[in-house]
>>> print(open('query_16.cif').read())   # mmCIF, C-alpha atoms and all ligand atoms
data_model
loop_
_atom_site.label_atom_id
_atom_site.label_comp_id
_atom_site.auth_asym_id
_atom_site.auth_seq_id
_atom_site.Cartn_x
_atom_site.Cartn_y
_atom_site.Cartn_z
CA MET A 1 0.00 0.00 0.00
CA SER A 2 1.41 3.42 -0.95
CA VAL A 3 1.29 5.84 1.98
CA ALA A 4 2.39 9.49 1.77
CA VAL A 5 2.62 12.34 4.23
CA TYR A 6 1.76 15.88 3.15
CA PRO A 7 3.31 18.07 5.87
CA GLY A 8 2.85 21.75 6.53
CA SER A 9 1.82 24.49 8.90
CA PHE A 10 -1.59 24.99 7.24
CA ASP A 11 -2.22 28.23 9.14
CA PRO A 12 -4.81 28.17 7.59
CA VAL A 13 -5.34 25.60 4.82
CA THR A 14 -5.80 27.38 1.45
CA LEU A 15 -7.35 26.20 -1.81
CA GLY A 16 -3.76 25.68 -3.06
CA HIS A 17 -3.13 23.16 -0.24
CA TYR A 18 -6.52 21.61 -0.85
CA ASP A 19 -5.71 21.10 -4.55
CA ILE A 20 -2.47 19.28 -3.60
CA ILE A 21 -4.39 17.12 -1.09
CA GLU A 22 -7.01 16.08 -3.67
CA ARG A 23 -4.43 15.26 -6.34
CA SER A 24 -2.13 13.35 -3.93
CA ALA A 25 -5.03 11.35 -2.54
CA ASP A 26 -5.82 10.37 -6.12
CA ILE A 27 -2.39 8.87 -6.77
CA MET A 28 -1.68 7.34 -3.33
CA ASP A 29 -3.56 4.61 -1.46
CA LYS A 30 -3.44 6.68 1.73
CA LEU A 31 -2.52 10.31 2.40
CA ILE A 32 -1.73 11.59 5.87
CA VAL A 33 -1.84 15.36 6.18
CA GLY A 34 0.71 16.20 8.90
CA VAL A 35 0.10 19.48 10.70
CA LEU A 36 3.23 20.87 12.32
CA ASN A 37 2.89 21.80 15.97
CA ASN A 38 5.75 24.27 16.02
CA SER A 39 6.35 25.90 19.38
CA SER A 40 8.82 28.43 17.94
CA LYS A 41 6.18 30.00 15.67
CA THR A 42 3.09 31.84 16.82
CA PRO A 43 0.37 30.64 14.47
CA LEU A 44 -3.00 32.35 14.11
CA PHE A 45 -4.75 29.01 14.73
CA SER A 46 -3.79 26.45 17.36
CA VAL A 47 -2.69 23.05 16.09
CA GLU A 48 -6.05 21.59 17.23
CA GLU A 49 -7.93 24.24 15.23
CA ARG A 50 -5.78 23.63 12.13
CA VAL A 51 -6.32 19.87 12.35
CA ASP A 52 -10.06 20.41 12.81
CA MET A 53 -10.27 22.77 9.82
CA LEU A 54 -8.39 20.31 7.60
CA ARG A 55 -10.64 17.47 8.73
CA SER A 56 -13.73 19.50 7.95
CA VAL A 57 -12.65 20.20 4.34
CA THR A 58 -11.33 16.67 3.63
CA ARG A 59 -13.95 14.55 5.39
CA HIS A 60 -15.43 13.42 2.05
CA ILE A 61 -12.07 12.02 0.83
CA PRO A 62 -11.96 8.49 2.29
CA ASN A 63 -8.20 7.88 2.02
CA VAL A 64 -7.15 11.14 3.72
CA GLU A 65 -6.25 11.32 7.42
CA VAL A 66 -5.23 14.47 9.30
CA GLN A 67 -2.84 14.32 12.25
CA SER A 68 -0.59 16.74 14.09
CA PHE A 69 3.09 16.15 14.68
CA ASP A 70 6.01 17.77 16.41
CA GLY A 71 9.70 17.05 16.19
CA LEU A 72 11.33 15.83 13.01
CA LEU A 73 9.19 15.28 9.94
CA VAL A 74 11.03 12.07 9.03
CA ASP A 75 10.23 10.59 12.46
CA PHE A 76 6.55 11.27 11.83
CA VAL A 77 6.84 9.79 8.33
CA ARG A 78 8.48 6.64 9.70
CA ALA A 79 5.92 6.30 12.52
CA SER A 80 3.17 6.64 9.88
CA ARG A 81 4.77 3.80 7.87
CA ALA A 82 5.00 6.12 4.87
CA LYS A 83 7.77 6.23 2.27
CA VAL A 84 6.83 9.44 0.52
CA ILE A 85 6.64 13.11 1.50
CA ILE A 86 4.48 15.27 -0.73
CA ARG A 87 5.26 18.96 -1.19
CA GLY A 88 3.70 21.52 -3.49
CA LEU A 89 5.91 23.76 -5.64
CA ARG A 90 4.40 27.10 -6.58
CA ALA A 91 7.25 28.90 -8.31
CA ILE A 92 11.02 28.90 -8.66
CA THR A 93 11.22 30.91 -5.42
CA ASP A 94 10.01 27.82 -3.51
CA PHE A 95 12.62 25.61 -5.09
CA GLU A 96 15.75 26.41 -3.09
CA TYR A 97 14.09 25.88 0.29
CA GLU A 98 12.27 22.76 -0.87
CA LEU A 99 15.45 21.27 -2.33
CA GLN A 100 17.27 21.82 0.97
CA LEU A 101 14.39 20.31 2.93
CA SER A 102 14.07 17.23 0.73
CA GLN A 103 17.82 16.59 0.52
CA THR A 104 18.24 16.95 4.28
CA ASN A 105 15.33 14.63 4.93
CA HIS A 106 16.77 12.12 2.47
CA VAL A 107 20.13 12.10 4.28
CA ILE A 108 18.45 11.54 7.65
CA ALA A 109 16.02 8.97 6.24
CA PRO A 110 17.31 7.50 2.95
CA GLU A 111 14.25 5.28 2.57
CA VAL A 112 11.98 8.33 2.37
CA ASP A 113 11.61 10.28 -0.88
CA THR A 114 9.99 13.65 -1.51
CA VAL A 115 7.60 13.96 -4.43
CA PHE A 116 6.79 17.46 -5.69
CA LEU A 117 3.47 18.38 -7.24
CA THR A 118 3.39 21.67 -9.07
CA THR A 119 0.63 23.87 -7.77
CA ASN A 120 -2.37 24.46 -9.97
CA LEU A 121 -1.71 27.69 -11.95
CA LYS A 122 -4.89 29.15 -10.43
CA TYR A 123 -3.22 29.11 -7.00
CA SER A 124 0.43 29.69 -7.86
CA TYR A 125 0.46 33.09 -6.12
CA LEU A 126 -1.40 31.94 -3.02
CA SER A 127 -0.07 31.53 0.53
CA SER A 128 -1.53 31.29 4.02
CA SER A 129 0.27 34.53 4.96
CA ILE A 130 -1.39 36.45 2.13
CA VAL A 131 -4.81 35.11 3.14
CA LYS A 132 -4.22 36.21 6.76
CA GLU A 133 -3.07 39.66 5.67
CA ILE A 134 -6.15 40.23 3.50
CA ALA A 135 -8.44 38.95 6.27
CA GLN A 136 -6.75 41.24 8.80
CA TYR A 137 -7.91 44.22 6.73
CA HIS A 138 -11.36 42.68 6.24
CA GLY A 139 -10.78 41.96 2.54
CA ASP A 140 -12.67 39.28 0.62
CA ILE A 141 -10.89 35.91 0.97
CA SER A 142 -13.55 33.78 -0.72
CA ALA A 143 -11.34 33.13 -3.79
CA PHE A 144 -8.53 31.73 -1.65
CA VAL A 145 -10.05 29.40 0.95
CA HIS A 146 -12.97 26.99 1.36
CA PRO A 147 -16.15 28.81 2.62
CA GLU A 148 -15.95 26.99 5.97
CA ILE A 149 -12.34 28.13 6.43
CA ALA A 150 -13.26 31.70 5.44
CA ARG A 151 -15.95 31.65 8.14
CA ARG A 152 -13.46 30.49 10.77
CA ILE A 153 -10.84 33.07 9.76
CA GLU A 154 -13.40 35.88 9.91
CA GLU A 155 -14.56 34.64 13.31
CA LYS A 156 -10.95 34.59 14.58
CA MET A 157 -10.23 38.08 13.23
CA ALA A 158 -13.37 39.42 14.90
CA ASN A 159 -12.08 38.24 18.30
O1 LIG B 1 3.97 24.79 5.53
P1 LIG B 1 5.43 24.90 5.78
O2 LIG B 1 5.67 25.82 6.96
O3 LIG B 1 6.19 25.30 4.56
O4 LIG B 1 5.97 23.43 6.19
C1 LIG B 1 7.30 23.26 6.61
C2 LIG B 1 7.53 21.86 7.19
C3 LIG B 1 6.46 21.50 8.21
C4 LIG B 1 7.47 20.84 6.08
C5 LIG B 1 8.94 21.86 7.84
O5 LIG B 1 9.07 22.99 8.65
C6 LIG B 1 9.23 20.62 8.67
O6 LIG B 1 9.36 19.54 8.15
N1 LIG B 1 9.33 20.80 10.01
C7 LIG B 1 9.56 19.73 10.94
C8 LIG B 1 10.96 19.77 11.54
C9 LIG B 1 11.97 19.08 10.65
O7 LIG B 1 11.84 17.91 10.33
N2 LIG B 1 13.04 19.82 10.25
C10 LIG B 1 14.11 19.28 9.45
C11 LIG B 1 13.80 19.31 7.97
S1 LIG B 1 15.13 20.05 7.14
#
>>> encode(input="query_16.cif", output="structure tokens")
Amino acid sequence: MSVAVYPGSFDPVTLGHYDIIERSADIMDKLIVGVLNNSSKTPLFSVEERVDMLRSVTRHIPNVEVQSFDGLLVDFVRASRAKVIIRGLRAITDFEYELQLSQTNHVIAPEVDTVFLTTNLKYSYLSSSIVKEIAQYHGDISAFVHPEIARRIEEKMAN
């Protein structure tokens, strides 16, 4: 059975992430979305909220699971019995960081490979940070995130 992990901060999940999730789930038997619980960053949403939001937008995809992790990504990948890490590539600007990440992970865990999916052109400009910035100034984020996620972001910004 082919198992992959799609890791990220997902603060919050965008339609660009969602597109990668749908396409990866289509080519793998099982996809585990790994939400990083990173204590050195101050995310807008707690890890529990991010997991919950991802579960709510992926609940209709039967071979997708959402879990949080902390520590090294490769440890989570090994514990999940996966052999593949999925990452999305938006533009050349992503490449240097992604290359470093995948090569480092491959040295630490040679049995794990990273597979890159190029982001759908529709979302090649999109990032969680941009969505948060627009929402902060009460701009319309409906083109960037699932309606349920937009509702939760607006609720968070109102508090
Ligand atoms: O959504 P992001 O913030 O681009 O995802 C980055 C992520 C989660 C893939 C990366 O920060 C990560 O793997 N963190 C876990 C710690 C780790 O394994 N670091 C060593 C990899 S070089």
>>> atom_distance(input="query_16.cif", atom1="CA of Leu101 (chain A)", atom2="CA of Asn63 (chain A)")
25.8 Å
>>> closest_residue(input="query_16.cif", among="A:Val77, A:Asp70, A:Lys83, A:Ile141", to="Ser40 (chain A)", atoms="all atoms listed in the file")
A:Asp70
>>> atom_distance(input="query_16.cif", atom1="CA of Val131 (chain A)", atom2="CA of Pro62 (chain A)")
27.6 Å
>>> closest_residue(input="query_16.cif", among="A:Ile61, A:Arg50, A:Thr114, A:Ser128", to="Ile21 (chain A)", atoms="all atoms listed in the file")
A:Ile61
>>> residues_near_ligand(input="query_16.cif", ligand="ligand LIG 1 (chain B)", cutoff="7 Å", atoms="all atoms listed in the file", output="VMD selection string")
chain A and resid 7 to 10 36 70 to 74 100 to 101 104 to 105
>>> write_last_selection(input="query_16.cif", atoms="C-alpha atoms", output="CSV table (one decimal), in the coordinates of the input")
chain,number,residue,atom,x,y,z
A,7,PRO,CA,3.3,18.1,5.9
A,8,GLY,CA,2.8,21.8,6.5
A,9,SER,CA,1.8,24.5,8.9
A,10,PHE,CA,-1.6,25.0,7.2
A,36,LEU,CA,3.2,20.9,12.3
A,70,ASP,CA,6.0,17.8,16.4
A,71,GLY,CA,9.7,17.0,16.2
A,72,LEU,CA,11.3,15.8,13.0
A,73,LEU,CA,9.2,15.3,9.9
A,74,VAL,CA,11.0,12.1,9.0
A,100,GLN,CA,17.3,21.8,1.0
A,101,LEU,CA,14.4,20.3,2.9
A,104,THR,CA,18.2,17.0,4.3
A,105,ASN,CA,15.3,14.6,4.9
>>> closest_residue(input="query_16.cif", among="A:Val13, A:Asp26, A:Glu154, A:Phe69", to="Arg55 (chain A)", atoms="only C-alpha atoms")
A:Val13
>>> residues_near_point(input="query_16.cif", point="(-6.1, 20.1, 12.9)", cutoff="10 Å", atoms="only C-alpha atoms", output="PyMOL selection string")
chain A and resi 9-13+33-37+45-56+66-68
>>> atom_distance(input="query_16.cif", atom1="CA of Thr42 (chain A)", atom2="CA of Lys122 (chain A)")
28.5 Å
>>> closest_residue(input="query_16.cif", among="A:Gly88, A:Ala135, A:Ser2, A:Phe116", to="Ala150 (chain A)", atoms="all atoms listed in the file")
A:Ala135
>>> residues_near_point(input="query_16.cif", point="(-2.1, 25.8, -3.1)", cutoff="10 Å", atoms="only C-alpha atoms", output="list in words")
Val13, Thr14, Leu15, Gly16, His17, Tyr18, Asp19, Ile20, Ile21, Gly88, Leu89, Arg90, Thr118, Thr119, Asn120, Leu121, Lys122, Tyr123, Ser124, Tyr125, Leu126, Ser127, Ser128, Phe144 and Val145 of chain A
>>> closest_residue(input="query_16.cif", among="A:Ala158, A:Ile86, A:Val3, A:Arg152", to="Tyr137 (chain A)", atoms="only C-alpha atoms")
A:Ala158
>>> closest_residue(input="query_16.cif", among="A:Ile92, A:Leu117, A:Glu133, A:Arg78", to="Glu22 (chain A)", atoms="all atoms listed in the file")
A:Leu117
